[in-house]
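Here the structure comes first, spelled out in structure tokens, and everything after it is commentary.
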Amino acid sequence: MSFLRRGTLGLALATVLASGLVAGIGPASNADNLGVTDDLATITTVALGDLCRGATASRQIGFALQRRGEVNNNTWANGTDVWITGATQASGFTLGSVKATTPTNWTTIGNTDLPVGSADLSMSVPTAAPLGLAQASVTWSASGGGAQTPTVTKTSSLTVTWRVVTCAPTDTTPPVIGYVLNPATPSGTNGWYREDVAIDWTVTDSQSTATSDGCGDQTFTTDGTHLSTCAATSQGGTAGPVTATVKIDRTAPSVTPTVKGALGDNGWYTGDVTVSWKVADATSGVDTASPDCAGATLTSDTAGATYTCTVVDKAGNKTTVTREVRRDATEPVILSSVKGSEGNDGWYVGNVTVDWTVTDATSDLASTTGCDDVSVVTDTNGTTYTCTAIDNAGHHASDSVSLKRDATPPMITYNTSGTEGDNGWYRGPVVVTWGVTDAGSGVAQACAPETVSGDGVHEPECRATDVAGNMASSPALVQVDGTAPVITPDVTGPSKVAGWFNGDVSVKWDVDDPTSGIAEGPACDEVTLTEDTDGTTYTCSATDVAGNSDSKSVTVRRDATAPVVTPIVSGTHNGEWYTGDVSVTWAITEATSGVGSTSGCGQVTLDTDTRGEAYTCSVTDRAGNPASGSVTVKRDATAPVITPVVTGPRKGTEWYTGDVSVKWDVSDPTSGLADSDGCDEATVTEDTTGTTYTCSATDLAGNSDNKSVTVKRDATAPVLTLTGGPAAGATYDFGDVPAPSTCEASDVTSRLAGPCTVTAGGTTVGAKTQVATATDQAGNVTTEERKYTVAAWRLDGFYKPVTMGTSVVNTVKAGSTVPLKFNVYKGAVPMTAGIGATFAANKVTCDGSDVQDPVDFVTTGATSLRYDAAGGQWIQNWATPSGGKGSCYRVTMTTGDGSKISADFALK
């Protein structure tokens with residue numbers, strides 16, 4: 001077993017990566033072939049090229065562990081850590097280290113190379129080193145646990161060569177940067193300018209040419225803090241950036257007064273006023289402010305108070321602002337004077353005058369309303385006079401005076417109550433009630449009611465006084481007559497039994513009034529009764545002048561006529577036909593003596609349908625006069641019978657899916673049909689969400705009925721729309737099949753029974769069918785199929801050194817590495833990732849006729865499947881079974897789409 005180191009070469013001062021050291025293969029194509037001595041192979045030299053004095057060069061050296069020969073004291077153990085570190089090194093050199101771990105089958109793996117990474121090599125050339133070629137030797141050691149001894153250590157030496165050359169001298173000093181401001185000294189305070197400022201930059205370097213950045217001359221003309229930056233670079237290095245700061249403020253501070261308080265009219269404040277100041281400086285900032293800038297509060301009335309604020313900013317600019325404030329918080333003063341003749345209880349009983357005096361001490365009066373002198377010369381129950389004043393600050397003040405004036409005596413009226421007669425006469429005792437009113441101050445003393453009785457004329461008197469002291473008097477006139485006229489009847493004529501007259505009757509009246517006399521002639525003329533009556537009453541009425549009246553009545557009876565019999569038929573009817581229960585009763589009229597006896601005259605109810613039922617009533621009155629009446633009743637209370645007959649195709653729902661026939665069966669067993677409407681046969685030939693058909697029928701009795709039937713027809717399948725998904729007839733490469741379509745469906749009539757569904761066709765290789773389905777509530781179904789094909793990937797390989805063919809057996813060495821190289825194409829495009837390849841190995845007969853037991857597929861070292869972009873192919877290193885000499889194996893590679901390629905191998 002040996003330890004192999006691979007080195008890579010390059011130009012001076014460049015870093016070279018140890019690429020190309022892959023387990024199981026030889027050195028990279030840009031490295032020397034390595035020979036083997038014992039267990040360690042080395043390359044002899046590495047050249048660093050031309051180096052300047054004082055320069056540093058570095059490299060990365062790649063290493064690989066090499067397994068050779070049998071197991072002995074020079075063999076590392078399985079799965080042990082092997083450290084590769086610098087062992088010996090010349091002055092100025094620094095050697096790095098790297099760790100490797102042997103596989104768990106290291107001792108039995110057979111001849112192989114195991115890449116382990118890279119270690120750094122760096123060196124520094126002394127500043128006094130002699131010119132010309134130079135070399136030195138360095139050594140690394142690899143030490144780890146041994147298979148048969150505790151530790152196995154191997155070393156490898158490398159000769160490093162370089163040439164020391166003379167390099168041209170350089171500038172070691174960076175440029176010098178300076179600047180000048182004009183004017184040099186600020187005209188303001190605290191370093192602030194109050195005018196334009198110019199800056200001039202200078203850049204100097206005595207050893208090499210300098211380049212500058214941002215070093216142009218400038219003039220600053222605006223307020224603010226300005227920065228100017230300069231940087232310069234020469235062979236001696238970079239100076240800066242250097243920054244110059246210029247501060248300019250030519251603007252005075254802002255001073256804003258804020259006056260707060262209740263603001264009245266004309267700029268006057270009507271309460272306490274607070275004066276505050278807002279000061280600011282946007283550039284240099286506020287430096288000082290006068291004491292008045294702290295603010296003040298005005299608490300007393302004044303025609304004008306002045307406040308001043310002075311502010312200086314940090315650049316020395318100054319601002320002074322003055323504000324005047326006027327305050328009047330006092331209302332105007334209003335005084336009233338009332339003069340006149342006073343009566344009782346605060347009333348004036350003559351003319352009254354009102355005088356007003358109005359003043360304002362501070363802002364003066366602005367206006368007055370209602371403040372003129374007033375004279376009150378008419379009565380009033382209470383008039384209020386108001387004077388209102390407004391001063392120039394907006395204060396409102398008012399004062400009111402209420403006056404009551406009554407110079408008019410009370411008014412007296414009277415009212416009589418009792419049994420009133422006519423012509424101003426009463427027909428019994430009379431109560432006299434006095435009404436005393438006063439439109440001004442009101443009544444102070446009124447008059448009590450009194451009662452007058454007995455016939456005659458009476459004149460009582462009332463005396464009254466009002467609240468203001470005015471007095472008045474007035475009499476009343478009362479007439480009483482309480483006796484009614486006297487009336488006596490005189491009736492004469494032939495009479496018969498029970499008080500009935502059997503001939504003409506004479507009725508006369510005697511009328512008299514002993515007191516006030518009759519007011520008008522009596523309506524009591526003589527009357528003669530010449531016709532039958534069961535009792536006719538005659539009345540005589542008389543009224544006297546006072547309105548008293550009386551009446552007397554007398555009743556006279558006469559009978560010579562037989563009774564009258566009338567049938568009464570009650571019930572709802574239409575013409576001669578009744579349409580419900582019928583009540584038959586009889587109206588028996590005996591105008592004079594009354595009914596003596598009856599037969600068949602009781603109430604009867606007809607509650608069954610009939611084409612005609614007869615009823616008769618017979619009557620005799622008390623005088624023996626006979627009479628009779630008859631009636632025939634027809635009844636039909638049953639409406640016509642209407643039955644709809646609907647036929648058409650259906651699919652187990654309420655919806656018809658084809659033409660629908662609507663017919664009607666109409667009949668009436670009693671009175672017979674009179675007419676019908678809407679009962680003709682109809683055929684529904686178009687889709688509808690619900691068309692209602694109604695049949696109405698009426699019989700000869702007027703009974704009517706209607707029946708309705710609603711027909712729903714949907715013979716149209718749903719509309720199905722697919723979005724996305726595989727296209728019909730398309731071919732997709734495996735892995736590129738679109739996601740299943742999404743569906744939308746609609747049905748304008750019965751609506752959908754549920755959401756449409758899409759059954760995916762699948763993404764595996766082969767012919768596929770996607771099916772979309774939509775069903776409406778009538779059972780109509782729409783189906784759309786999309787057939788498409790999923791194409792397999794195309795495999796190409798294995799490439800050399802493997803030969804492909806059904807009768808080809810590749811001969812390889814047992815325990816060796818076989819690179820399996822191939823390509824996978826999706827269409828015409830090679831795949832560089834995501835092929836999902838798996839490898840399997842089976843023992844087969846060497847003629848390939850029988851596939852026997854599977855064996856483990858082992859890769860070489862720590863390698864795995866990879867895509868070689870440089871070679872444009874996939875590579876998997878197969879480690880052939882070390883114990884399989886004389887046997888044959890079949891290696892099969894299967895990609896993610898299920899495609900396969902195989903090759904047969906014979907091991908020697």
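Just remember, in the structure tokens the first chain shown is A, the second B, etc., residues are 1-based per chain, and ligands are 1-based in the order shown.
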Residues near Arg194 in chain A, cut-off 8 Å, only C-alpha atoms, skip fewer than 2 positions along chain, as a short mmCIF file (atom, residue, chain, number, x, y, z; two decimals) with all heavy atoms, in the first residue's frame:
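This is the output file result_11.cif:
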data_model
loop_
_atom_site.label_atom_id
_atom_site.label_comp_id
_atom_site.auth_asym_id
_atom_site.auth_seq_id
_atom_site.Cartn_x
_atom_site.Cartn_y
_atom_site.Cartn_z
N PRO A 186 -14.89 83.83 9.05
CA PRO A 186 -16.35 84.03 8.97
C PRO A 186 -16.73 85.42 9.47
O PRO A 186 -16.17 85.93 10.44
CB PRO A 186 -16.92 82.95 9.88
CG PRO A 186 -15.84 81.91 9.95
CD PRO A 186 -14.55 82.64 9.88
N SER A 187 -17.69 86.05 8.80
CA SER A 187 -18.18 87.37 9.21
C SER A 187 -19.22 87.24 10.33
O SER A 187 -19.52 88.21 11.00
CB SER A 187 -18.81 88.09 8.03
OG SER A 187 -19.88 87.31 7.50
N GLY A 188 -19.79 86.05 10.52
CA GLY A 188 -20.76 85.84 11.58
C GLY A 188 -20.08 85.32 12.84
O GLY A 188 -18.86 85.39 13.02
N TRP A 192 -19.85 80.81 11.62
CA TRP A 192 -20.80 80.91 10.51
C TRP A 192 -20.46 82.11 9.61
O TRP A 192 -20.14 83.19 10.10
CB TRP A 192 -22.23 81.06 11.03
CG TRP A 192 -22.77 79.79 11.61
CD1 TRP A 192 -22.63 79.34 12.88
CD2 TRP A 192 -23.55 78.83 10.91
NE1 TRP A 192 -23.25 78.14 13.04
CE2 TRP A 192 -23.83 77.80 11.83
CE3 TRP A 192 -24.02 78.72 9.61
CZ2 TRP A 192 -24.56 76.68 11.49
CZ3 TRP A 192 -24.77 77.61 9.26
CH2 TRP A 192 -25.03 76.59 10.19
N ASP A 196 -21.19 84.75 0.54
CA ASP A 196 -20.71 83.66 -0.31
C ASP A 196 -19.30 83.27 0.13
O ASP A 196 -18.49 84.13 0.55
CB ASP A 196 -20.68 84.08 -1.78
CG ASP A 196 -22.08 84.30 -2.31
OD1 ASP A 196 -23.04 83.94 -1.60
OD2 ASP A 196 -22.22 84.85 -3.43
N ILE A 248 -22.96 78.54 6.19
CA ILE A 248 -23.45 79.85 5.74
C ILE A 248 -24.86 80.04 6.27
O ILE A 248 -25.72 79.16 6.10
CB ILE A 248 -23.44 79.97 4.20
CG1 ILE A 248 -22.02 79.78 3.66
CG2 ILE A 248 -24.03 81.31 3.75
CD1 ILE A 248 -21.95 79.78 2.15
N ASP A 249 -25.14 81.20 6.91
CA ASP A 249 -26.48 81.55 7.36
C ASP A 249 -26.64 83.04 7.22
O ASP A 249 -26.10 83.84 8.00
CB ASP A 249 -26.70 81.12 8.82
CG ASP A 249 -28.15 81.37 9.27
OD1 ASP A 249 -28.94 81.87 8.45
OD2 ASP A 249 -28.47 81.02 10.42
N ARG A 250 -27.38 83.46 6.16
CA ARG A 250 -27.62 84.89 5.93
C ARG A 250 -29.08 85.27 6.23
O ARG A 250 -29.49 86.38 5.94
CB ARG A 250 -27.30 85.23 4.47
CG ARG A 250 -25.81 85.19 4.19
CD ARG A 250 -25.50 85.47 2.76
NE ARG A 250 -25.99 84.41 1.89
CZ ARG A 250 -25.64 84.28 0.60
NH1 ARG A 250 -24.82 85.14 0.06
NH2 ARG A 250 -26.11 83.30 -0.11
N ALA A 315 -25.50 82.63 14.02
CA ALA A 315 -24.65 83.32 13.05
C ALA A 315 -24.64 84.81 13.28
O ALA A 315 -23.94 85.54 12.57
CB ALA A 315 -25.12 83.01 11.63
#
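Neighbours of Ser290 in chain A closer than or equal to 10 Å, with only C-alpha atoms counted and sequence neighbours fewer than 5 positions away skipped, come out as A:Thr308, A:Cys309, A:Thr310, A:Val311, A:Val312, A:Thr320.
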Written selection (all heavy atoms) as a tab-separated table (two decimals), in the first residue's frame:
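Resulting contents of result-v8.tsv:
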chain	number	residue	atom	x	y	z
A	308	THR	N	-43.07	92.68	22.98
A	308	THR	CA	-41.97	92.64	22.00
A	308	THR	C	-41.09	91.43	22.28
A	308	THR	O	-40.79	91.12	23.44
A	308	THR	CB	-41.13	93.92	22.06
A	308	THR	OG1	-41.98	95.04	21.78
A	308	THR	CG2	-40.00	93.87	21.03
A	309	CYS	N	-40.63	90.74	21.18
A	309	CYS	CA	-39.69	89.59	21.28
A	309	CYS	C	-38.54	89.83	20.31
A	309	CYS	O	-38.75	90.10	19.12
A	309	CYS	CB	-40.40	88.28	20.94
A	309	CYS	SG	-39.30	86.84	20.89
A	310	THR	N	-37.27	89.75	20.82
A	310	THR	CA	-36.07	89.90	19.99
A	310	THR	C	-35.26	88.62	20.06
A	310	THR	O	-34.98	88.12	21.15
A	310	THR	CB	-35.22	91.09	20.48
A	310	THR	OG1	-36.00	92.28	20.38
A	310	THR	CG2	-33.97	91.23	19.64
A	311	VAL	N	-34.84	88.08	18.87
A	311	VAL	CA	-34.13	86.80	18.78
A	311	VAL	C	-32.89	86.98	17.92
A	311	VAL	O	-32.93	87.65	16.86
A	311	VAL	CB	-35.03	85.69	18.18
A	311	VAL	CG1	-34.25	84.39	18.06
A	311	VAL	CG2	-36.26	85.49	19.05
A	312	VAL	N	-31.74	86.37	18.35
A	312	VAL	CA	-30.48	86.37	17.60
A	312	VAL	C	-30.10	84.92	17.34
A	312	VAL	O	-30.11	84.09	18.26
A	312	VAL	CB	-29.36	87.10	18.37
A	312	VAL	CG1	-28.06	87.08	17.57
A	312	VAL	CG2	-29.78	88.52	18.69
A	320	THR	N	-36.68	91.31	15.44
A	320	THR	CA	-37.51	91.86	16.50
A	320	THR	C	-38.93	91.98	15.98
A	320	THR	O	-39.16	92.53	14.89
A	320	THR	CB	-37.01	93.25	16.95
A	320	THR	OG1	-35.68	93.11	17.48
A	320	THR	CG2	-37.93	93.82	18.03
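The spacing separating CA of Val255 in chain A from CA of Val275 in chain A amounts to 12.7 Å.
Residues lying within 6 Å of range 396-398 of chain A, counting only C-alpha atoms and ignoring same-chain neighbours fewer than 4 positions away, are Glu331, Pro332, Cys387, Thr388, Ala389 and Ile390 of chain A.
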Take the residues from that selection and put them in a file with N, CA and C atoms, as a PDB file, in the first residue's frame.
ATOM      1  N   GLU A 331     -69.247  93.898  30.407  1.00  0.00           N
ATOM      2  CA  GLU A 331     -70.430  94.211  29.607  1.00  0.00           C
ATOM      3  C   GLU A 331     -70.838  95.673  29.812  1.00  0.00           C
ATOM      4  N   PRO A 332     -71.630  96.229  28.858  1.00  0.00           N
ATOM      5  CA  PRO A 332     -72.174  97.583  29.052  1.00  0.00           C
ATOM      6  C   PRO A 332     -73.110  97.627  30.277  1.00  0.00           C
ATOM      7  N   CYS A 387     -84.060  96.703  26.764  1.00  0.00           N
ATOM      8  CA  CYS A 387     -82.972  97.495  26.164  1.00  0.00           C
ATOM      9  C   CYS A 387     -81.753  96.581  26.047  1.00  0.00           C
ATOM     10  N   THR A 388     -81.212  96.426  24.831  1.00  0.00           N
ATOM     11  CA  THR A 388     -80.037  95.578  24.579  1.00  0.00           C
ATOM     12  C   THR A 388     -78.907  96.434  24.031  1.00  0.00           C
ATOM     13  N   ALA A 389     -77.671  96.230  24.588  1.00  0.00           N
ATOM     14  CA  ALA A 389     -76.520  97.020  24.146  1.00  0.00           C
ATOM     15  C   ALA A 389     -75.352  96.083  23.823  1.00  0.00           C
ATOM     16  N   ILE A 390     -74.570  96.446  22.808  1.00  0.00           N
ATOM     17  CA  ILE A 390     -73.371  95.700  22.396  1.00  0.00           C
ATOM     18  C   ILE A 390     -72.216  96.671  22.340  1.00  0.00           C
TER      19      ILE A 390
END
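In this model, the gap between CA of Cys215 in chain A and CA of Gln235 in chain A comes to 18.5 Å.
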Counting only C-alpha atoms, what are the residues of range 586-636 of chain A within 10 Å of range 515-534 of chain A, and for each of them which pair of atoms is the nearest and at what distance in Å, to one decimal? Sort the table by chain and rising number, as a Markdown table.
| residue | atom | partner | partner_atom | distance |
| --- | --- | --- | --- | --- |
| A:Glu590 | CA | A:Asp534 | CA | 8.8 |
| A:Ala591 | CA | A:Asp534 | CA | 6.2 |
| A:Thr592 | CA | A:Asp534 | CA | 3.9 |
| A:Ser593 | CA | A:Asp534 | CA | 6.1 |
| A:Gly594 | CA | A:Asp534 | CA | 8.2 |
**Study point:** Coordinates-based distance that separates CA of Lys552 in chain A from CA of Cys540 in chain A (Å, one decimal)
**Key:**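 CA of Lys552 in chain A lies 5.4 Å from CA of Cys540 in chain A.
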Exercise for review: Step one, run DSSP on the backbone; step two, keep only residues of range 306-453 of chain A assigned to strand (DSSP E or B); then write them as a ChimeraX atom specification.
Suggested key: /A:306-313,318-327,333-342,348-359,365-369,374-376,380-391,396-405,411-420,425-437,443-445,450-452
Practice item. Tell me, as a ChimeraX atom specification, which residues lie within 12 Å of range 166-180 of chain A, counting only C-alpha atoms; anything in the same chain fewer than 6 positions away does not count. Key: /A:50-55,127-132,197-219,228-246
Review point. Do you know which residues are at most 10 Å from Phe798 in chain A counting only C-alpha atoms, after dropping those on the same chain fewer than 2 positions away, and could you put them as a list of chain:residue names?
Key: A:Leu795, A:Asp796, A:Lys800, A:Pro801, A:Val802, A:Thr803, A:Met804, A:Gly805, A:Pro819, A:Leu820, A:Lys821, A:Phe822, A:Asn823, A:Trp874, A:Ile875, A:Met893, A:Ile901, A:Ser902, A:Ala903
Output for the residues just chosen: all heavy atoms as a CSV table (one decimal), in the first residue's frame:
chain,number,residue,atom,x,y,z
A,795,LEU,N,-32.5,7.4,-24.0
A,795,LEU,CA,-31.2,7.1,-23.4
A,795,LEU,C,-30.2,6.8,-24.4
A,795,LEU,O,-30.5,6.1,-25.4
A,795,LEU,CB,-31.4,5.9,-22.4
A,795,LEU,CG,-32.5,6.0,-21.4
A,795,LEU,CD1,-32.4,4.8,-20.4
A,795,LEU,CD2,-32.4,7.3,-20.6
A,796,ASP,N,-29.0,7.3,-24.2
A,796,ASP,CA,-27.9,7.1,-25.1
A,796,ASP,C,-26.7,6.6,-24.3
A,796,ASP,O,-26.2,7.4,-23.5
A,796,ASP,CB,-27.6,8.3,-25.9
A,796,ASP,CG,-26.6,8.1,-27.1
A,796,ASP,OD1,-26.3,6.9,-27.4
A,796,ASP,OD2,-26.1,9.1,-27.6
A,800,LYS,N,-17.9,4.5,-24.5
A,800,LYS,CA,-16.6,3.9,-24.3
A,800,LYS,C,-16.1,4.3,-22.9
A,800,LYS,O,-16.3,5.4,-22.5
A,800,LYS,CB,-15.6,4.3,-25.3
A,800,LYS,CG,-15.9,3.8,-26.7
A,800,LYS,CD,-15.9,2.3,-26.8
A,800,LYS,CE,-16.2,1.8,-28.2
A,800,LYS,NZ,-16.2,0.3,-28.3
A,801,PRO,N,-15.5,3.4,-22.1
A,801,PRO,CA,-14.9,2.1,-22.6
A,801,PRO,C,-15.9,1.0,-22.7
A,801,PRO,O,-15.5,-0.2,-22.9
A,801,PRO,CB,-13.8,1.8,-21.5
A,801,PRO,CG,-14.4,2.4,-20.3
A,801,PRO,CD,-15.1,3.7,-20.7
A,802,VAL,N,-17.2,1.2,-22.4
A,802,VAL,CA,-18.2,0.2,-22.4
A,802,VAL,C,-18.8,0.1,-23.9
A,802,VAL,O,-19.1,1.1,-24.5
A,802,VAL,CB,-19.3,0.4,-21.4
A,802,VAL,CG1,-20.4,-0.7,-21.5
A,802,VAL,CG2,-18.8,0.5,-20.0
A,803,THR,N,-18.9,-1.2,-24.3
A,803,THR,CA,-19.4,-1.4,-25.7
A,803,THR,C,-20.8,-2.0,-25.5
A,803,THR,O,-21.1,-2.9,-24.7
A,803,THR,CB,-18.6,-2.4,-26.5
A,803,THR,OG1,-17.2,-1.9,-26.6
A,803,THR,CG2,-19.2,-2.6,-27.8
A,804,MET,N,-21.8,-1.4,-26.2
A,804,MET,CA,-23.2,-1.8,-26.1
A,804,MET,C,-23.6,-2.8,-27.2
A,804,MET,O,-23.0,-2.8,-28.3
A,804,MET,CB,-24.1,-0.6,-26.2
A,804,MET,CG,-23.9,0.5,-25.1
A,804,MET,SD,-24.3,-0.2,-23.4
A,804,MET,CE,-26.1,-0.3,-23.6
A,805,GLY,N,-24.6,-3.6,-27.0
A,805,GLY,CA,-25.1,-4.5,-27.9
A,805,GLY,C,-25.7,-5.7,-27.3
A,805,GLY,O,-25.2,-6.1,-26.2
A,819,PRO,N,-16.0,3.1,-15.6
A,819,PRO,CA,-16.8,4.3,-15.7
A,819,PRO,C,-18.0,4.0,-16.7
A,819,PRO,O,-17.8,3.7,-17.8
A,819,PRO,CB,-15.9,5.3,-16.3
A,819,PRO,CG,-14.9,4.5,-17.1
A,819,PRO,CD,-14.7,3.2,-16.4
A,820,LEU,N,-19.2,4.2,-16.1
A,820,LEU,CA,-20.4,4.0,-17.0
A,820,LEU,C,-20.8,5.4,-17.4
A,820,LEU,O,-21.3,6.3,-16.6
A,820,LEU,CB,-21.5,3.4,-16.1
A,820,LEU,CG,-21.2,2.0,-15.5
A,820,LEU,CD1,-22.4,1.6,-14.7
A,820,LEU,CD2,-20.9,1.0,-16.6
A,821,LYS,N,-20.7,5.7,-18.7
A,821,LYS,CA,-21.0,7.0,-19.3
A,821,LYS,C,-22.2,6.9,-20.2
A,821,LYS,O,-22.3,6.0,-21.0
A,821,LYS,CB,-19.7,7.5,-20.1
A,821,LYS,CG,-18.4,7.5,-19.2
A,821,LYS,CD,-17.3,7.9,-20.1
A,821,LYS,CE,-15.9,7.9,-19.3
A,821,LYS,NZ,-14.8,8.3,-20.1
A,822,PHE,N,-23.0,7.9,-20.1
A,822,PHE,CA,-24.3,7.9,-20.8
A,822,PHE,C,-24.9,9.3,-20.9
A,822,PHE,O,-24.5,10.2,-20.2
A,822,PHE,CB,-25.3,6.9,-20.2
A,822,PHE,CG,-25.7,7.2,-18.8
A,822,PHE,CD1,-26.8,8.0,-18.6
A,822,PHE,CD2,-24.9,6.8,-17.7
A,822,PHE,CE1,-27.2,8.3,-17.3
A,822,PHE,CE2,-25.3,7.1,-16.5
A,822,PHE,CZ,-26.4,7.9,-16.2
A,823,ASN,N,-26.0,9.4,-21.7
A,823,ASN,CA,-26.7,10.7,-21.8
A,823,ASN,C,-28.2,10.3,-21.7
A,823,ASN,O,-28.6,9.3,-22.1
A,823,ASN,CB,-26.5,11.4,-23.0
A,823,ASN,CG,-25.4,12.5,-22.8
A,823,ASN,OD1,-25.4,13.2,-21.9
A,823,ASN,ND2,-24.4,12.5,-23.7
A,874,TRP,N,-23.1,11.9,-18.4
A,874,TRP,CA,-23.2,11.4,-17.1
A,874,TRP,C,-22.2,10.4,-16.8
A,874,TRP,O,-21.9,9.6,-17.7
A,874,TRP,CB,-24.6,10.9,-16.8
A,874,TRP,CG,-25.7,11.9,-16.8
A,874,TRP,CD1,-26.4,12.4,-17.8
A,874,TRP,CD2,-26.1,12.6,-15.6
A,874,TRP,NE1,-27.3,13.3,-17.4
A,874,TRP,CE2,-27.2,13.5,-16.0
A,874,TRP,CE3,-25.8,12.6,-14.2
A,874,TRP,CZ2,-27.8,14.3,-15.1
A,874,TRP,CZ3,-26.4,13.4,-13.4
A,874,TRP,CH2,-27.4,14.3,-13.8
A,875,ILE,N,-21.7,10.3,-15.6
A,875,ILE,CA,-20.6,9.3,-15.3
A,875,ILE,C,-21.0,8.7,-13.9
A,875,ILE,O,-21.2,9.4,-12.9
A,875,ILE,CB,-19.2,9.9,-15.2
A,875,ILE,CG1,-18.8,10.5,-16.6
A,875,ILE,CG2,-18.2,8.9,-14.8
A,875,ILE,CD1,-17.5,11.3,-16.5
A,893,MET,N,-29.1,0.5,-15.8
A,893,MET,CA,-29.4,1.8,-15.3
A,893,MET,C,-30.8,2.2,-15.7
A,893,MET,O,-31.2,2.0,-16.8
A,893,MET,CB,-28.5,2.9,-15.9
A,893,MET,CG,-28.6,4.3,-15.4
A,893,MET,SD,-29.9,5.3,-16.1
A,893,MET,CE,-29.3,5.4,-17.8
A,901,ILE,N,-31.2,1.0,-19.7
A,901,ILE,CA,-30.2,0.5,-20.6
A,901,ILE,C,-29.4,-0.5,-19.8
A,901,ILE,O,-29.2,-0.3,-18.6
A,901,ILE,CB,-29.3,1.6,-21.2
A,901,ILE,CG1,-28.7,2.5,-20.1
A,901,ILE,CG2,-30.1,2.5,-22.2
A,901,ILE,CD1,-27.7,3.5,-20.6
A,902,SER,N,-28.8,-1.5,-20.4
A,902,SER,CA,-28.1,-2.5,-19.8
A,902,SER,C,-26.8,-2.9,-20.6
A,902,SER,O,-26.8,-2.7,-21.8
A,902,SER,CB,-28.9,-3.8,-19.5
A,902,SER,OG,-30.0,-3.5,-18.8
A,903,ALA,N,-25.8,-3.3,-19.9
A,903,ALA,CA,-24.6,-3.8,-20.5
A,903,ALA,C,-24.1,-5.0,-19.7
A,903,ALA,O,-24.3,-5.1,-18.5
A,903,ALA,CB,-23.5,-2.8,-20.6
Review point. So, counting only C-alpha atoms, which residue among A:Thr368, A:Asp292, A:Thr691, A:Asp223 is closest to Glu195 in chain A?
Key: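 Using only C-alpha atoms, Glu195 in chain A sits closest to A:Asp223.
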